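A.B. asks: Structure incoming, see below.
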Amino acid sequence: MVAYVLIPGIDGSDEQHWQSLWEKRWGASAVRIAPTSWSQPEANRQQTNFNWA
């Protein structure tokens with residue numbers, strides 16, 4: 001079961017960013033939502049990602 005949904009800002013989060021650190025700590029309880037392309041995000045695909053989470 002997903003308990004935490006992480007939504008990073010533009011270009012995501014590097015390995016030392018707090019979101020990445022928390023995601024590692026939470027393991028399977030966390031999911032990261034990100035577009036397939038930061039420069040050309042697809043609204044419909046993002047909606048699918050949110051529904052899945």
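Each chain in the structure tokens gets a letter, A, B, ..., in the order shown, and its residues are numbered from 1; ligands are numbered from 1 in order too.
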Near segment 14-23 of chain A, within 12 Å and counting only C-alpha atoms, which residues show up once chain neighbours fewer than 4 positions away are dropped, as a PyMOL selection string?
C.D. replies: chain A and resi 2-10+27-33
A.B. asks: Write the residues you've just listed into a file as a PDB file, in the first residue's frame, and include N, CA and C atoms for each of them.
C.D. replies:
ATOM      1  N   VAL A   2       0.568   2.194  -0.861  1.00  0.00           N
ATOM      2  CA  VAL A   2       1.305   3.445  -0.925  1.00  0.00           C
ATOM      3  C   VAL A   2       0.785   4.375   0.159  1.00  0.00           C
ATOM      4  N   ALA A   3       1.689   4.871   0.980  1.00  0.00           N
ATOM      5  CA  ALA A   3       1.312   5.786   2.045  1.00  0.00           C
ATOM      6  C   ALA A   3       1.796   7.208   1.767  1.00  0.00           C
ATOM      7  N   TYR A   4       2.828   7.333   0.906  1.00  0.00           N
ATOM      8  CA  TYR A   4       3.432   8.632   0.608  1.00  0.00           C
ATOM      9  C   TYR A   4       3.568   8.806  -0.895  1.00  0.00           C
ATOM     10  N   VAL A   5       3.148   9.953  -1.396  1.00  0.00           N
ATOM     11  CA  VAL A   5       3.305  10.285  -2.810  1.00  0.00           C
ATOM     12  C   VAL A   5       4.227  11.499  -2.886  1.00  0.00           C
ATOM     13  N   LEU A   6       5.349  11.337  -3.575  1.00  0.00           N
ATOM     14  CA  LEU A   6       6.312  12.422  -3.738  1.00  0.00           C
ATOM     15  C   LEU A   6       6.136  13.040  -5.116  1.00  0.00           C
ATOM     16  N   ILE A   7       6.016  14.355  -5.151  1.00  0.00           N
ATOM     17  CA  ILE A   7       5.844  15.074  -6.410  1.00  0.00           C
ATOM     18  C   ILE A   7       6.982  16.091  -6.508  1.00  0.00           C
ATOM     19  N   PRO A   8       8.069  15.713  -7.177  1.00  0.00           N
ATOM     20  CA  PRO A   8       9.214  16.620  -7.269  1.00  0.00           C
ATOM     21  C   PRO A   8       8.944  17.794  -8.201  1.00  0.00           C
ATOM     22  N   GLY A   9       9.732  18.841  -8.036  1.00  0.00           N
ATOM     23  CA  GLY A   9       9.630  20.011  -8.902  1.00  0.00           C
ATOM     24  C   GLY A   9      10.297  19.750 -10.246  1.00  0.00           C
ATOM     25  N   ILE A  10      10.436  20.784 -11.032  1.00  0.00           N
ATOM     26  CA  ILE A  10      11.007  20.675 -12.371  1.00  0.00           C
ATOM     27  C   ILE A  10      12.385  20.023 -12.317  1.00  0.00           C
ATOM     28  N   GLY A  27      10.825   3.346   1.400  1.00  0.00           N
ATOM     29  CA  GLY A  27      10.793   2.119   0.596  1.00  0.00           C
ATOM     30  C   GLY A  27       9.493   1.942  -0.173  1.00  0.00           C
ATOM     31  N   ALA A  28       8.886   0.774  -0.033  1.00  0.00           N
ATOM     32  CA  ALA A  28       7.679   0.428  -0.796  1.00  0.00           C
ATOM     33  C   ALA A  28       6.455   1.253  -0.386  1.00  0.00           C
ATOM     34  N   SER A  29       6.546   1.992   0.708  1.00  0.00           N
ATOM     35  CA  SER A  29       5.428   2.831   1.142  1.00  0.00           C
ATOM     36  C   SER A  29       5.352   4.144   0.379  1.00  0.00           C
ATOM     37  N   ALA A  30       6.352   4.405  -0.480  1.00  0.00           N
ATOM     38  CA  ALA A  30       6.396   5.670  -1.208  1.00  0.00           C
ATOM     39  C   ALA A  30       6.420   5.446  -2.714  1.00  0.00           C
ATOM     40  N   VAL A  31       5.854   6.407  -3.433  1.00  0.00           N
ATOM     41  CA  VAL A  31       5.905   6.394  -4.891  1.00  0.00           C
ATOM     42  C   VAL A  31       6.186   7.828  -5.347  1.00  0.00           C
ATOM     43  N   ARG A  32       7.025   7.951  -6.381  1.00  0.00           N
ATOM     44  CA  ARG A  32       7.349   9.264  -6.931  1.00  0.00           C
ATOM     45  C   ARG A  32       6.582   9.458  -8.234  1.00  0.00           C
ATOM     46  N   ILE A  33       5.885  10.574  -8.341  1.00  0.00           N
ATOM     47  CA  ILE A  33       5.154  10.925  -9.551  1.00  0.00           C
ATOM     48  C   ILE A  33       6.028  11.884 -10.348  1.00  0.00           C
TER      49      ILE A  33
END
